[in-house]
Amino acid sequence: MNTLHFRYAVEIEKTRSITQAAENLYMAQPNLSKAIKELENSLGITIFRRTSKGVIPTDQGMKFLACAKQILIQIDNMEAISSPNKPRDRKMRISVPRAGYISKALSEFIAASDTSDDMEVYFCETNSLRTIENVRENGYNFGIIRFNAAHEKYFMDFLAEKNLESQLLWEYQQLAVMSAEHPAAEKENLTYGELSAHYAELAQGDDAVPYIAGAVDKLFEANRPEGTKVRRVYMFDRGSALDFLLTVPQSFMLDSPVPDSLCGKYGLVQRKCEFPDNNFKDMLIYSSGRKLSPSELALVNKLYEVRNEAAFREYI
């Protein structure tokens, strides 16, 4: 069994297209199709099936791909050990929530990197359940998940089930982020109920809690005045969300504290916003027993450093 074929299969799963995978792998499509057929014959299973939405794994294929990814990670680790004179390879895959302090930490980490080293970084901004999947199944080095403290038990149980470890990165109260031109920008003692009753709310919309459906929506609905019309805009791109807040000044977004440099760049302010259960956590997650590499630790230290810029200032 050729483990190079494992990499072919993983690339097809990622692209959902044999044509695109062949292009990414710099090989002819017929040769890739032949390699996958040989792999399927040697395993005695069908790994992929063609659908109107592209090439997707079968149930057996998904099990094989999960194992293949873990094997490829171990092969990469062994190759790194056997090549001590090779320039340090800082190939990292990181899955995180959409948060200003995290993107700022990554930017500063890369800016300070030694240009003589190899570096390839995959930076995926997504929801917590997808991050768990990325770390457990898709070969990501580590991730950061975000959840309300009221749902902590569900996430901890889910991480244990997936054989993942966690470490607290930040515990905080969410702030209301809005344009400096927002009618409530200079008000004090804001509440979520007041803001949601009068202004459009910008939300990520893909939050989910393991084992229980609709938990996040119920949390916020409980703090919205009864009879209030819901005015929410769901966005899944952080850059577009910041532009939206600036362009639509009568909107707001609940978020972790944002570094002042980003607020200044986008003309935003952030205010305390009272509501029950306003206690959130960002957690580092990684495979059980895995030790972070020196470059990964350097990035984590930068995360704590940038976090402190926002954590230890006064908000009104």
# chains A, B, ... in the order shown; residues from 1 in each chain; ligands from 1
$ residues_around --residues "Pro97 (chain A)" --least-positions-apart "3" --cutoff "9 Å" --atoms "only C-alpha atoms" --output "list in words"
Ile102, Cys124, Glu125, Thr126, Asn127, Ser128, Thr131, Gly143, Ile144, Ile145, Arg146 and Asp282 of chain A
$ write_last_selection --atoms "N, CA and C atoms" --output "tab-separated table (two decimals), in the first residue's frame"
chain	number	residue	atom	x	y	z
A	102	ILE	N	-7.18	37.50	17.65
A	102	ILE	CA	-6.50	36.32	17.12
A	102	ILE	C	-5.83	36.64	15.79
A	124	CYS	N	-7.80	29.16	9.32
A	124	CYS	CA	-9.22	28.95	9.04
A	124	CYS	C	-10.07	29.58	10.13
A	125	GLU	N	-10.89	30.57	9.78
A	125	GLU	CA	-11.83	31.18	10.72
A	125	GLU	C	-13.18	30.50	10.55
A	126	THR	N	-13.65	29.87	11.61
A	126	THR	CA	-14.89	29.10	11.50
A	126	THR	C	-15.51	28.92	12.88
A	127	ASN	N	-16.55	28.09	12.98
A	127	ASN	CA	-17.22	27.89	14.26
A	127	ASN	C	-16.53	26.79	15.08
A	128	SER	N	-16.97	26.64	16.31
A	128	SER	CA	-16.28	25.74	17.25
A	128	SER	C	-16.38	24.27	16.84
A	131	THR	N	-14.04	23.62	14.06
A	131	THR	CA	-12.66	23.61	14.56
A	131	THR	C	-12.32	22.28	15.21
A	143	GLY	N	-6.39	24.32	17.56
A	143	GLY	CA	-7.51	25.20	17.27
A	143	GLY	C	-7.89	26.01	18.50
A	144	ILE	N	-8.79	26.94	18.30
A	144	ILE	CA	-9.37	27.72	19.39
A	144	ILE	C	-10.88	27.64	19.24
A	145	ILE	N	-11.56	27.22	20.29
A	145	ILE	CA	-13.01	27.19	20.26
A	145	ILE	C	-13.56	28.24	21.21
A	146	ARG	N	-14.77	28.70	20.92
A	146	ARG	CA	-15.42	29.75	21.72
A	146	ARG	C	-16.80	29.27	22.11
A	282	ASP	N	-12.62	31.31	25.47
A	282	ASP	CA	-11.87	30.84	24.31
A	282	ASP	C	-10.88	29.80	24.81
$ residues_around --residues "Arg50 (chain A)" --least-positions-apart "4" --cutoff "12 Å" --atoms "only C-alpha atoms" --output "MDAnalysis selection string"
chainID A and resid 12:13 16:18 46 54:58
$ atom_distance --atom1 "CA of Ala180 (chain A)" --atom2 "CA of Val269 (chain A)"
5.5 Å
$ atom_distance --atom1 "CA of Pro276 (chain A)" --atom2 "CA of Lys218 (chain A)"
12.5 Å
$ residues_around --residues "Ala184 (chain A)" --least-positions-apart "4" --cutoff "12 Å" --atoms "only C-alpha atoms" --output "PyMOL selection string"
chain A and resi 176-180+188-192+194-196+198-199+249-252+269-273
$ closest_residue --among "A:Arg130, A:Ser52, A:Glu181, A:Met253" --to "Asp206 (chain A)" --atoms "only C-alpha atoms"
A:Arg130
$ select_by_dssp --residues "region 155-286 of chain A" --states "alpha helix (DSSP H)" --output "JSON, numbers by chain"
{"A": [155, 156, 157, 158, 159, 160, 161, 192, 193, 194, 195, 196, 197, 198, 215, 216, 217, 218, 219, 220, 221, 238, 239, 240, 241, 242, 243, 244, 245, 246, 247, 260, 261, 262, 263, 264, 265, 266]}
$ closest_residue --among "A:His151, A:Arg136, A:Arg224, A:Lys69" --to "Glu274 (chain A)" --atoms "only C-alpha atoms"
A:Arg224
$ residues_around --residues "Arg93 (chain A)" --least-positions-apart "3" --cutoff "6 Å" --atoms "only C-alpha atoms" --output "number ranges by chain"
A: 121-122, 140-141
